[in-house]
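For reference, data_6.txt (compact mmCIF, C-alpha atoms):
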# COMPACT_ATOMS: atom_id res chain seq x y z
CA MET A 1 0.00 0.00 0.00
CA ASN A 2 1.23 3.41 -1.03
CA GLU A 3 2.06 5.33 2.11
CA GLN A 4 0.88 8.58 0.63
CA LYS A 5 -2.48 7.06 -0.21
CA GLN A 6 -2.73 5.55 3.28
CA ASN A 7 -2.03 8.97 4.79
CA GLN A 8 -4.87 10.42 2.72
CA ILE A 9 -7.20 7.64 3.85
CA ASP A 10 -6.15 8.22 7.46
CA ARG A 11 -6.89 11.93 7.24
CA TYR A 12 -10.27 11.17 5.71
CA VAL A 13 -11.38 8.61 8.34
CA ARG A 14 -10.10 10.86 11.14
CA ASN A 15 -12.02 13.87 9.73
CA GLU A 16 -8.87 15.92 9.32
CA MET A 17 -9.64 17.08 5.75
CA THR A 18 -11.13 20.38 4.77
CA ALA A 19 -14.43 20.33 2.91
CA GLU A 20 -12.61 20.82 -0.39
CA GLU A 21 -10.17 18.02 0.30
CA ARG A 22 -13.04 15.72 1.28
CA ALA A 23 -14.91 16.36 -1.90
CA HIS A 24 -11.78 15.72 -3.97
CA PHE A 25 -11.00 12.52 -2.11
CA GLU A 26 -14.56 11.22 -2.40
CA ALA A 27 -14.40 11.79 -6.12
CA GLU A 28 -11.19 9.76 -6.22
CA LEU A 29 -12.84 6.98 -4.19
CA ALA A 30 -15.67 6.75 -6.67
CA GLU A 31 -13.22 6.23 -9.53
CA ASP A 32 -10.42 4.16 -7.98
CA GLU A 33 -11.52 0.67 -6.88
CA ASN A 34 -8.23 -0.19 -5.19
CA LEU A 35 -8.34 3.03 -3.20
CA ARG A 36 -11.93 2.27 -2.27
CA MET A 37 -11.00 -1.21 -1.01
CA GLU A 38 -8.15 0.18 1.05
CA TYR A 39 -10.41 2.88 2.44
CA GLU A 40 -13.08 0.30 3.37
CA PHE A 41 -10.53 -1.84 5.13
CA THR A 42 -9.15 1.10 7.10
CA LYS A 43 -12.69 2.19 8.02
CA GLN A 44 -13.51 -1.35 9.17
CA VAL A 45 -10.37 -1.42 11.29
CA GLN A 46 -11.34 1.91 12.80
CA ASP A 47 -14.93 0.77 13.50
CA THR A 48 -13.69 -2.47 15.04
CA LEU A 49 -11.13 -0.76 17.22
CA LYS A 50 -13.63 1.85 18.40
CA ASN A 51 -16.18 -0.82 19.16
CA ARG A 52 -13.60 -2.86 21.02
CA GLN A 53 -12.38 0.17 22.95
CA GLU A 54 -15.91 1.16 23.91
CA LYS A 55 -16.68 -2.32 25.17
CA LEU A 56 -13.42 -2.53 27.12
CA GLU A 57 -14.17 0.77 28.82
CA MET A 58 -17.61 -0.45 29.79
CA MET A 59 -16.13 -3.67 31.16
CA ARG A 60 -13.56 -1.71 33.16
CA ALA A 61 -16.32 0.55 34.53
CA TRP A 62 -18.37 -2.47 35.62
CA ASP A 63 -15.34 -4.03 37.28
CA GLU A 64 -14.73 -0.78 39.15
CA GLU A 65 -18.39 -0.52 40.22
CA GLU A 66 -18.35 -4.12 41.37
CA LYS A 67 -15.15 -3.51 43.31
CA GLN A 68 -16.65 -0.46 45.02
CA GLU A 69 -19.85 -2.32 45.80
CA SER A 70 -17.77 -5.11 47.24
CA VAL A 71 -15.82 -2.63 49.43
CA LEU A 72 -19.08 -1.02 50.56
CA GLU A 73 -20.62 -4.39 51.26
CA THR A 74 -17.56 -5.40 53.30
CA ALA A 75 -17.77 -2.12 55.23
CA ARG A 76 -21.50 -2.65 55.80
CA TYR A 77 -20.87 -6.20 56.95
CA ARG A 78 -18.17 -5.06 59.36
CA ARG A 79 -20.39 -2.30 60.67
CA ARG A 80 -23.23 -4.75 61.22
CA ARG A 81 -20.85 -7.11 62.96
CA ARG A 82 -19.52 -4.32 65.18
CA LEU A 83 -23.08 -3.32 66.04
CA ARG A 84 -23.94 -6.92 66.86
CA VAL A 85 -20.90 -7.25 69.10
CA ALA A 86 -21.60 -3.91 70.77
CA GLY A 87 -25.23 -4.91 71.22
CA GLY A 88 -24.12 -8.16 72.76
CA PHE A 89 -21.87 -6.38 75.22
CA LEU A 90 -24.59 -3.88 76.04
CA LEU A 91 -27.08 -6.65 76.65
CA ALA A 92 -24.59 -8.45 78.85
CA ALA A 93 -23.92 -5.24 80.78
CA VAL A 94 -27.64 -4.65 81.26
CA LEU A 95 -28.17 -8.20 82.43
CA ILE A 96 -25.27 -8.03 84.86
CA ALA A 97 -26.40 -4.66 86.22
CA GLY A 98 -29.93 -5.94 86.56
CA PHE A 99 -28.67 -9.04 88.27
CA PHE A 100 -26.97 -7.01 90.96
CA LEU A 101 -29.78 -4.52 91.29
CA LEU A 102 -32.61 -7.00 91.63
CA LEU A 103 -30.97 -9.58 93.85
CA PRO A 104 -31.22 -9.40 97.66
CA SER A 105 -28.87 -6.99 99.42
CA LYS A 106 -26.86 -9.71 101.11
CA TRP A 107 -25.18 -10.41 97.80
CA GLY A 108 -21.97 -8.45 97.51
CA THR A 109 -21.75 -7.89 101.23
CA VAL A 110 -19.52 -9.52 103.78
CA PRO A 111 -19.51 -13.21 102.97
CA GLU A 112 -21.06 -15.61 105.35
CA ASN A 113 -18.72 -17.27 107.91
CA THR A 114 -16.48 -14.16 107.95
CA LEU A 115 -17.63 -13.27 111.46
CA PRO A 116 -16.67 -15.72 114.17
CA GLN A 117 -19.44 -17.66 115.86
CA LEU A 118 -20.94 -15.87 118.81
CA ASP A 119 -20.14 -17.62 122.08
CA LEU A 120 -23.06 -17.12 124.43
CA SER A 121 -21.03 -18.18 127.44
CA LEU A 122 -19.06 -14.94 127.14
CA TYR A 123 -22.13 -12.95 127.99
CA GLU A 124 -23.50 -15.02 130.83
CA ASN A 125 -22.17 -12.63 133.42
CA TYR A 126 -23.71 -9.62 131.76
CA ARG A 127 -25.28 -7.62 134.46
CA SER A 128 -28.49 -6.92 132.54
CA GLY A 129 -29.26 -10.55 132.66
CA THR A 130 -31.25 -11.56 129.62
CA ALA A 131 -30.73 -8.34 127.60
CA LEU A 132 -27.48 -9.47 126.09
CA THR A 133 -28.80 -12.98 125.54
CA LYS A 134 -31.74 -11.40 123.76
CA ILE A 135 -29.38 -9.39 121.57
CA VAL A 136 -27.36 -12.49 120.75
CA ASN A 137 -30.53 -14.40 119.91
CA LEU A 138 -31.73 -11.58 117.69
CA ILE A 139 -28.42 -11.63 115.86
CA GLN A 140 -28.53 -15.37 115.48
CA GLN A 141 -32.04 -15.03 114.05
CA GLN A 142 -30.68 -12.38 111.65
CA GLN A 143 -32.96 -9.71 113.12
CA TYR A 144 -30.15 -7.25 112.89
CA GLN A 145 -32.16 -4.05 113.07
CA GLU A 146 -33.88 -5.08 116.29
CA ALA A 147 -30.55 -6.24 117.70
CA LEU A 148 -28.97 -2.91 116.88
CA GLN A 149 -31.78 -1.02 118.55
CA CYS A 150 -31.36 -3.11 121.69
CA ILE A 151 -27.59 -2.56 121.64
CA GLU A 152 -28.01 1.17 121.31
CA GLU A 153 -30.57 1.16 124.11
CA GLU A 154 -28.21 -0.73 126.37
CA GLU A 155 -25.35 1.57 125.47
CA LYS A 156 -27.41 4.55 126.54
CA ASN A 157 -28.16 2.92 129.83
CA LEU A 158 -24.60 1.83 130.44
CA TYR A 159 -22.98 3.74 133.32
CA VAL A 160 -19.26 3.85 133.94
CA PRO A 161 -18.74 5.26 137.44
CA ASP A 162 -16.15 7.96 138.09
CA THR A 163 -13.64 6.78 140.70
CA SER A 164 -11.83 10.07 141.12
CA GLY A 165 -12.61 12.07 144.22
CA LEU A 166 -13.31 9.01 146.31
CA THR A 167 -11.43 9.03 149.60
CA SER A 168 -12.31 5.66 151.01
CA ASP A 169 -10.17 2.76 149.72
CA GLU A 170 -13.08 0.44 150.06
CA GLU A 171 -15.35 2.73 148.03
CA ARG A 172 -12.63 3.31 145.50
CA GLU A 173 -12.06 -0.43 145.07
CA GLN A 174 -15.78 -0.99 144.63
CA MET A 175 -16.11 1.79 142.04
CA GLU A 176 -13.08 0.57 140.09
CA TYR A 177 -14.61 -2.88 139.93
CA GLU A 178 -17.90 -1.36 138.75
CA ALA A 179 -16.07 0.70 136.09
CA ALA A 180 -14.15 -2.32 134.81
CA ALA A 181 -17.37 -4.31 134.54
CA ALA A 182 -19.04 -1.46 132.70
CA ARG A 183 -16.15 -1.16 130.28
CA LEU A 184 -16.32 -4.91 129.64
CA ASP A 185 -20.03 -4.64 129.02
CA ALA A 186 -19.41 -1.77 126.61
CA ALA A 187 -16.91 -3.93 124.75
CA HIS A 188 -19.43 -6.76 124.57
CA LEU A 189 -22.04 -4.42 123.20
CA LYS A 190 -19.67 -2.93 120.65
CA TRP A 191 -18.65 -6.37 119.49
CA LEU A 192 -22.26 -7.38 119.06
CA LYS A 193 -22.90 -4.08 117.32
CA VAL A 194 -20.32 -5.12 114.73
CA TYR A 195 -22.36 -8.25 114.08
CA ALA A 196 -25.56 -6.25 113.73
CA LEU A 197 -23.97 -3.69 111.42
CA VAL A 198 -22.44 -6.36 109.20
CA GLY A 199 -25.79 -8.12 109.09
CA LEU A 200 -27.41 -4.85 107.99
CA ASN A 201 -24.70 -4.44 105.34
CA ARG A 202 -23.44 -1.30 107.00
CA ARG A 203 -19.88 -2.19 106.28
CA GLU A 204 -18.43 1.25 106.74
CA ASP A 205 -20.10 1.66 110.17
CA ALA A 206 -18.83 -1.77 111.19
CA LEU A 207 -15.32 -0.84 110.14
CA GLU A 208 -15.52 2.36 112.18
CA VAL A 209 -16.49 0.43 115.31
CA LEU A 210 -13.82 -2.18 114.68
CA ASP A 211 -11.20 0.51 114.12
CA ASP A 212 -12.11 2.05 117.46
CA MET A 213 -12.00 -1.34 119.21
CA ARG A 214 -8.66 -2.35 117.80
CA ARG A 215 -7.06 0.88 119.03
CA THR A 216 -8.31 0.60 122.60
CA LEU A 217 -7.49 -1.96 125.22
CA ASN A 218 -10.36 -4.41 125.45
CA PRO A 219 -10.89 -8.18 125.30
CA TYR A 220 -11.84 -7.96 121.64
CA GLN A 221 -8.91 -5.86 120.54
CA GLN A 222 -7.13 -8.63 118.66
CA LYS A 223 -10.28 -10.04 117.15
CA ALA A 224 -11.35 -6.57 116.14
CA ASP A 225 -8.05 -5.97 114.40
CA SER A 226 -8.26 -9.29 112.51
CA LEU A 227 -11.84 -8.65 111.48
CA TYR A 228 -11.04 -5.09 110.51
CA GLN A 229 -8.28 -6.26 108.17
CA LEU A 230 -10.57 -8.89 106.72
CA LEU A 231 -13.41 -6.48 106.07
CA LYS A 232 -11.11 -3.78 104.80
CA MET B 1 -32.42 -21.94 28.57
CA VAL B 2 -32.86 -20.87 32.15
CA MET B 3 -29.62 -19.99 33.95
CA THR B 4 -29.69 -21.19 37.51
CA LYS B 5 -26.08 -21.29 38.55
CA GLY B 6 -23.89 -18.44 39.64
CA LEU B 7 -26.36 -15.60 38.94
CA LYS B 8 -27.09 -12.93 41.46
CA GLN B 9 -30.58 -12.46 40.02
CA PRO B 10 -31.85 -16.00 39.38
CA ASP B 11 -34.76 -15.08 37.14
CA CYS B 12 -32.64 -14.12 34.09
CA SER B 13 -32.59 -16.59 31.22
CA ASP B 14 -30.16 -16.94 28.31
CA ALA B 15 -32.84 -15.56 26.02
CA ALA B 16 -33.31 -12.53 28.27
CA PHE B 17 -29.57 -11.89 28.26
CA VAL B 18 -29.33 -12.09 24.48
CA THR B 19 -32.35 -9.84 24.04
CA GLY B 20 -30.96 -7.32 26.53
CA LEU B 21 -27.54 -7.23 24.91
CA LYS B 22 -28.96 -6.80 21.44
CA GLY B 23 -31.16 -4.01 22.76
CA HIS B 24 -28.18 -2.29 24.43
CA ASP B 25 -29.88 -2.49 27.82
CA SER B 26 -27.11 -1.24 30.14
CA ALA B 27 -28.46 -3.02 33.20
CA VAL B 28 -28.60 -6.35 31.38
CA GLN B 29 -25.19 -5.73 29.85
CA LYS B 30 -23.62 -5.26 33.25
CA LYS B 31 -25.49 -8.18 34.77
CA PHE B 32 -24.43 -10.47 31.93
CA TYR B 33 -20.82 -9.35 32.11
CA LEU B 34 -20.56 -10.02 35.84
CA HIS B 35 -22.34 -13.33 35.43
CA CYS B 36 -19.95 -14.43 32.69
CA LYS B 37 -16.93 -13.29 34.65
CA LYS B 38 -18.00 -15.24 37.70
CA TYR B 39 -18.80 -18.33 35.65
CA PHE B 40 -15.49 -18.11 33.83
CA SER B 41 -13.47 -17.78 37.03
CA GLU B 42 -15.24 -20.80 38.53
CA HIS B 43 -14.96 -23.06 35.49
CA TYR B 44 -11.92 -22.14 33.43
CA ARG B 45 -9.69 -24.62 35.23
CA ALA B 46 -11.87 -27.43 33.92
CA VAL B 47 -11.39 -26.20 30.37
CA PHE B 48 -7.73 -25.25 30.28
CA PHE B 49 -4.82 -24.52 32.50
CA ALA B 50 -3.45 -20.99 32.47
CA PRO B 51 -1.55 -18.88 34.96
CA ASP B 52 -3.51 -16.05 36.56
CA HIS B 53 -1.89 -13.31 34.52
CA MET B 54 -3.13 -14.93 31.30
CA ARG B 55 -6.60 -15.55 32.65
CA GLU B 56 -7.63 -11.90 32.47
CA ASP B 57 -6.52 -11.62 28.83
CA ILE B 58 -8.32 -14.83 27.93
CA PHE B 59 -11.54 -13.76 29.59
CA GLN B 60 -11.39 -10.31 28.03
CA ASN B 61 -10.97 -11.66 24.51
CA THR B 62 -13.58 -14.33 25.15
CA TYR B 63 -16.19 -11.93 26.41
CA LEU B 64 -15.56 -9.45 23.60
CA ALA B 65 -16.01 -12.23 21.05
CA LEU B 66 -19.21 -13.42 22.74
CA TRP B 67 -20.58 -9.91 22.95
CA ASP B 68 -19.75 -9.26 19.27
CA ASN B 69 -21.39 -12.52 18.25
CA ILE B 70 -24.58 -11.55 20.03
CA GLU B 71 -24.59 -7.99 18.69
CA ARG B 72 -23.97 -9.17 15.14
CA GLY B 73 -26.77 -11.69 15.31
CA LYS B 74 -24.69 -14.84 15.27
CA ILE B 75 -26.48 -15.67 18.50
CA ASP B 76 -30.07 -14.53 18.49
CA VAL B 77 -33.47 -15.22 20.02
CA ARG B 78 -36.39 -16.64 18.01
CA ASN B 79 -39.69 -17.23 19.78
CA GLY B 80 -37.99 -17.10 23.16
CA VAL B 81 -35.33 -19.64 22.18
CA VAL B 82 -31.65 -18.85 21.78
CA THR B 83 -30.53 -19.68 18.26
CA GLY B 84 -27.20 -20.03 16.49
CA ARG B 85 -26.32 -20.97 12.95
CA GLU B 86 -29.11 -20.81 10.39
CA ASP B 87 -31.50 -19.79 13.18
CA LYS B 88 -31.38 -23.27 14.64
CA PRO B 89 -31.62 -23.58 18.44
CA LEU B 90 -28.25 -23.27 20.13
CA GLY B 91 -27.16 -26.74 21.11
CA CYS B 92 -25.84 -25.69 24.50
CA SER B 93 -26.16 -23.00 27.18
CA LEU B 94 -24.69 -19.56 26.64
CA MET B 95 -22.06 -20.28 29.26
CA THR B 96 -20.99 -23.50 27.52
CA TYR B 97 -20.79 -21.57 24.27
CA MET B 98 -18.66 -18.93 26.00
CA MET B 99 -16.28 -21.57 27.36
CA SER B 100 -15.85 -23.04 23.85
CA ILE B 101 -14.73 -19.59 22.72
CA ALA B 102 -12.49 -19.39 25.79
CA ARG B 103 -10.80 -22.64 24.85
CA PHE B 104 -9.80 -21.21 21.51
CA LYS B 105 -8.76 -17.87 22.96
CA TYR B 106 -6.58 -19.65 25.47
CA LYS B 107 -4.66 -21.28 22.64
CA GLU B 108 -4.24 -17.89 21.03
CA VAL B 109 -2.96 -16.25 24.18
CA ALA B 110 -0.63 -19.18 24.86
CA ARG B 111 0.70 -18.95 21.36
CA GLN B 112 1.16 -15.20 21.79
CA ALA B 113 3.63 -15.89 24.56
CA GLU B 114 5.99 -17.64 22.18
CA ARG B 115 5.13 -16.21 18.81
CA GLU B 116 6.94 -12.90 18.96
CA THR B 117 10.29 -14.58 19.36
CA ARG B 118 9.69 -17.37 16.92
CA PHE B 119 7.72 -15.68 14.13
CA SER B 120 8.24 -12.38 12.45
CA ASP B 121 5.24 -12.32 10.17
CA LEU B 122 1.76 -12.06 11.64
CA ALA B 123 0.11 -13.98 8.81
CA GLU B 124 2.43 -16.93 9.27
CA ARG B 125 1.95 -16.81 13.05
CA ASN B 126 -1.78 -16.89 12.62
CA SER B 127 -1.82 -19.73 10.11
CA ARG B 128 -2.22 -22.37 12.78
CA ALA B 129 -4.66 -20.17 14.63
CA VAL B 130 -6.70 -19.74 11.49
CA GLN B 131 -6.97 -23.51 10.95
CA GLU B 132 -8.24 -24.05 14.46
CA PHE B 133 -10.44 -21.01 14.42
CA VAL B 134 -12.35 -22.32 11.43
CA SER B 135 -12.85 -25.69 13.07
CA VAL B 136 -14.19 -24.18 16.29
CA CYS B 137 -16.20 -21.19 15.11
CA ASP B 138 -17.97 -22.55 12.12
CA TRP B 139 -20.89 -20.15 11.92
CA LEU B 140 -20.40 -17.67 9.14
CA HIS B 141 -22.48 -14.69 8.22
CA ASP B 142 -24.24 -14.34 4.97
CA ASP B 143 -23.53 -10.64 5.41
CA GLU B 144 -20.12 -10.07 3.84
CA ARG B 145 -19.41 -6.90 5.76
CA MET B 146 -20.23 -8.55 9.05
CA SER B 147 -17.95 -11.45 8.15
CA LYS B 148 -15.10 -9.07 7.37
CA LEU B 149 -15.64 -7.16 10.61
CA GLU B 150 -15.57 -10.40 12.52
CA VAL B 151 -12.38 -11.46 10.81
CA ILE B 152 -10.71 -8.12 11.55
CA SER B 153 -11.88 -8.32 15.16
CA ASP B 154 -10.43 -11.81 15.56
CA CYS B 155 -7.14 -10.78 14.03
CA ILE B 156 -6.91 -7.71 16.27
CA ALA B 157 -7.48 -9.96 19.29
CA VAL B 158 -4.47 -12.08 18.43
CA MET B 159 -2.07 -9.44 17.12
CA SER B 160 0.81 -8.23 19.20
CA GLU B 161 -0.04 -5.93 22.09
CA ARG B 162 2.26 -3.25 20.70
CA CYS B 163 0.54 -3.14 17.32
CA ARG B 164 -2.89 -3.25 18.95
CA GLN B 165 -1.96 -0.32 21.14
CA ILE B 166 -0.60 1.77 18.25
CA LEU B 167 -3.63 1.15 16.04
CA THR B 168 -6.07 1.77 18.92
CA LEU B 169 -4.46 5.09 19.83
CA PHE B 170 -4.41 6.19 16.20
CA TYR B 171 -7.77 4.99 14.86
CA ALA B 172 -10.01 4.53 17.89
CA ASP B 173 -8.79 7.33 20.15
CA GLU B 174 -7.79 9.45 17.13
CA LEU B 175 -4.78 10.91 18.91
CA LYS B 176 -2.28 13.01 17.00
CA LEU B 177 1.16 11.54 16.40
CA ASP B 178 2.64 13.96 18.98
CA GLU B 179 0.17 12.73 21.56
CA ILE B 180 0.87 9.09 20.77
CA LEU B 181 4.61 9.73 21.15
CA ALA B 182 3.90 10.97 24.67
CA VAL B 183 2.11 7.70 25.45
CA LEU B 184 4.69 5.52 23.68
CA PRO B 185 8.03 7.17 24.39
CA THR B 186 9.98 4.25 22.90
CA PHE B 187 9.49 5.83 19.47
CA THR B 188 12.06 8.48 18.72
CA SER B 189 10.16 10.43 16.06
CA LYS B 190 6.80 10.90 14.37
CA ASP B 191 8.14 9.28 11.20
CA ALA B 192 9.23 6.17 13.08
CA LEU B 193 5.81 6.00 14.73
CA LYS B 194 3.98 6.43 11.44
CA THR B 195 6.12 3.72 9.83
CA ALA B 196 5.33 1.34 12.71
CA LYS B 197 1.64 2.14 12.46
CA ASN B 198 1.57 1.42 8.73
CA ARG B 199 3.50 -1.79 9.22
CA CYS B 200 0.98 -2.97 11.84
CA LEU B 201 -1.91 -2.05 9.56
CA GLU B 202 -0.32 -3.98 6.70
CA LYS B 203 0.12 -7.08 8.85
CA LEU B 204 -3.48 -6.82 9.95
CA ARG B 205 -4.61 -6.48 6.38
CA ASN B 206 -2.68 -9.58 5.28
CA SER B 207 -3.85 -11.76 8.15
CA SER B 208 -7.44 -10.62 7.71
CA ILE B 209 -7.40 -11.42 4.02
CA SER B 210 -5.95 -14.87 4.71
CA LEU B 211 -8.51 -15.63 7.38
CA TYR B 212 -11.40 -14.33 5.35
CA GLU B 213 -10.45 -16.38 2.30
CA LEU B 214 -10.00 -19.46 4.44
CA ARG B 215 -13.44 -19.10 5.94
CA ARG B 216 -15.09 -18.51 2.63
CA LYS B 217 -13.71 -21.84 1.38
CA GLN B 218 -15.23 -23.73 4.32
Give the structure from this file in structure tokens form.
Amino acid sequence: MNEQKQNQIDRYVRNEMTAEERAHFEAELAEDENLRMEYEFTKQVQDTLKNRQEKLEMMRAWDEEEKQESVLETARYRRRRRLRVAGGFLLAAVLIAGFFLLLPSKWGTVPENTLPQLDLSLYENYRSGTALTKIVNLIQQQQYQEALQCIEEEEKNLYVPDTSGLTSDEEREQMEYEAAAARLDAAHLKWLKVYALVGLNRREDALEVLDDMRRTLNPYQQKADSLYQLLK
Amino acid sequence: MVMTKGLKQPDCSDAAFVTGLKGHDSAVQKKFYLHCKKYFSEHYRAVFFAPDHMREDIFQNTYLALWDNIERGKIDVRNGVVTGREDKPLGCSLMTYMMSIARFKYKEVARQAERETRFSDLAERNSRAVQEFVSVCDWLHDDERMSKLEVISDCIAVMSERCRQILTLFYADELKLDEILAVLPTFTSKDALKTAKNRCLEKLRNSSISLYELRRKQ
């Protein structure tokens, strides 16, 4: 194929000719069969390539759309999964919170068997007679509020005599004995108060009493210290 | 034939696909493309073995050939039935038909990998391809122009990537020689580029004539 002729054909199919050139070329096409065949072939190549190119671009666009849809779908799936996981955690949190809110108050308090068993024989010499036994029984029956009220009543009534100013040795000795007994009774009452407070889940109040008992000389000092550490 | 496997929208038949493609329905075009791509990726290993980098080329050429065949009427729909040669019912599903094209295209792509070092002339390189092509794709158009377009299309599919790129930039994209030089910097001048373009066109012409004559004799 003559390169000059091919250049003319190329300019014609690419619309690069002026109107005058086009008219002249078309006249040549009508007369020259070989030129016409070469032109037709070039035009067919151009049509085929354009068609192919157009289809390839569409295919690339579909691939890109599919890829983006796939990315979006993955993101949506991950978001749904995150929401499901978060929902699961939230539900679990609600259930756990509800569990602790609705259950009886003894849950989460001082565990059972933390406090030593009350020994009734310790209180047999209590001067009020059955008052202390009553308090112990109330505690053993878990009637902590009533026990506390009794303890507080007894504490109000407790009298520790003042031995200063006494001149007689005999009177002084008697008063000192009375004071010691009263202090022992006070210790008994405080110790039982600890039981009542723990039973009422008043942990902080119990710790306060125990802290006071472990710092002062009394029969329960050591026990109070041990229990204080345990409750703390 | 109702397509039941691998489709996202199960109620789309072969006939509906062909009708949609012929009618340039963009939604059907996209749906069909994605369906074919998925089917191809799931089944090509049963038809031929090819490394992944060749698979894309094979599918691309396969789908273009299938699409062209449908647009040109080689595959059509008559009374709701997909037809092939001489308007007779297609003897297989569209996907099976596509894979038969893929088998041939695979051989072309495989041959492409060795041909540029072993053969210098495109017509000679395609001689084997032409023999096989005729045996596989034996439906010819009565329309001479359509037949020639098909032949040119098939030859473009198997020509060297370099020639295809030059001819595409020049005739399809209608870029100026200066602009093509910017895309293909291996060429040192416009004259060298023009010479290469004309050489590619000449090779295409020769191979197309050979293939066309061969098909006419069959």
Within 10 Å of chain B, which residues of chain A come that close, and what is the closest atom pair and distance in Å for each? Count all atoms listed in the file and give it as JSON lines.
{"residue": "A:Met1", "atom": "CA", "partner": "B:Glu202", "partner_atom": "CA", "distance": 7.8}
{"residue": "A:Asn2", "atom": "CA", "partner": "B:Asn198", "partner_atom": "CA", "distance": 10.0}
{"residue": "A:Glu3", "atom": "CA", "partner": "B:Asn198", "partner_atom": "CA", "distance": 7.7}
{"residue": "A:Gln6", "atom": "CA", "partner": "B:Asn198", "partner_atom": "CA", "distance": 8.1}
{"residue": "A:Asn7", "atom": "CA", "partner": "B:Asn198", "partner_atom": "CA", "distance": 9.2}
{"residue": "A:Asp10", "atom": "CA", "partner": "B:Tyr171", "partner_atom": "CA", "distance": 8.2}
{"residue": "A:Val13", "atom": "CA", "partner": "B:Tyr171", "partner_atom": "CA", "distance": 8.3}
{"residue": "A:Arg14", "atom": "CA", "partner": "B:Glu174", "partner_atom": "CA", "distance": 6.6}
{"residue": "A:Asn15", "atom": "CA", "partner": "B:Glu174", "partner_atom": "CA", "distance": 9.6}
{"residue": "A:Glu38", "atom": "CA", "partner": "B:Arg205", "partner_atom": "CA", "distance": 9.2}
{"residue": "A:Glu40", "atom": "CA", "partner": "B:Arg145", "partner_atom": "CA", "distance": 9.9}
{"residue": "A:Phe41", "atom": "CA", "partner": "B:Arg205", "partner_atom": "CA", "distance": 7.6}
{"residue": "A:Thr42", "atom": "CA", "partner": "B:Leu201", "partner_atom": "CA", "distance": 8.3}
{"residue": "A:Lys43", "atom": "CA", "partner": "B:Tyr171", "partner_atom": "CA", "distance": 8.9}
{"residue": "A:Gln44", "atom": "CA", "partner": "B:Leu149", "partner_atom": "CA", "distance": 6.4}
{"residue": "A:Val45", "atom": "CA", "partner": "B:Ile152", "partner_atom": "CA", "distance": 6.7}
{"residue": "A:Gln46", "atom": "CA", "partner": "B:Tyr171", "partner_atom": "CA", "distance": 5.1}
{"residue": "A:Asp47", "atom": "CA", "partner": "B:Ala172", "partner_atom": "CA", "distance": 7.6}
{"residue": "A:Thr48", "atom": "CA", "partner": "B:Ser153", "partner_atom": "CA", "distance": 6.1}
{"residue": "A:Leu49", "atom": "CA", "partner": "B:Ala172", "partner_atom": "CA", "distance": 5.4}
{"residue": "A:Lys50", "atom": "CA", "partner": "B:Ala172", "partner_atom": "CA", "distance": 4.5}
{"residue": "A:Asn51", "atom": "CA", "partner": "B:Ala172", "partner_atom": "CA", "distance": 8.3}
{"residue": "A:Arg52", "atom": "CA", "partner": "B:Leu64", "partner_atom": "CA", "distance": 7.3}
{"residue": "A:Gln53", "atom": "CA", "partner": "B:Ala172", "partner_atom": "CA", "distance": 7.1}
{"residue": "A:Glu54", "atom": "CA", "partner": "B:Ala172", "partner_atom": "CA", "distance": 9.1}
{"residue": "A:Lys55", "atom": "CA", "partner": "B:Leu64", "partner_atom": "CA", "distance": 7.4}
{"residue": "A:Leu56", "atom": "CA", "partner": "B:Leu64", "partner_atom": "CA", "distance": 8.1}
{"residue": "A:Met58", "atom": "CA", "partner": "B:Lys30", "partner_atom": "CA", "distance": 8.4}
{"residue": "A:Met59", "atom": "CA", "partner": "B:Tyr33", "partner_atom": "CA", "distance": 7.4}
{"residue": "A:Ala61", "atom": "CA", "partner": "B:Lys30", "partner_atom": "CA", "distance": 9.4}
{"residue": "A:Trp62", "atom": "CA", "partner": "B:Lys30", "partner_atom": "CA", "distance": 6.4}
{"residue": "A:Asp63", "atom": "CA", "partner": "B:Leu34", "partner_atom": "CA", "distance": 8.1}
{"residue": "A:Glu65", "atom": "CA", "partner": "B:Lys30", "partner_atom": "CA", "distance": 9.9}
{"residue": "A:Glu66", "atom": "CA", "partner": "B:Leu34", "partner_atom": "CA", "distance": 8.4}
Work out how far atom CA of Asn79 of chain B is from atom CA of Thr19 of chain B, in Å to one decimal.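 Interatomic distance, atom CA of Thr19 of chain B to atom CA of Asn79 of chain B: 11.3 Å.
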As an exercise, work out the distance from atom CA of Ala102 of chain B to atom CA of Thr62 of chain B in Å and give it to one decimal place.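 Taking atom CA of Ala102 of chain B and atom CA of Thr62 of chain B, their separation equals 5.2 Å.
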Atom-to-atom span, atom CA of Glu64 of chain A and atom CA of Ser93 of chain B, Å: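 Atom CA of Glu64 of chain A sits 27.7 Å away from atom CA of Ser93 of chain B.
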Using only C-alpha atoms, find the one residue out of B:Ile70, B:Ala110, B:Ala16, B:Ile75 that sits nearest to Ala50 of chain B.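 Under the stated criterion, the closest residue is B:Ala110.
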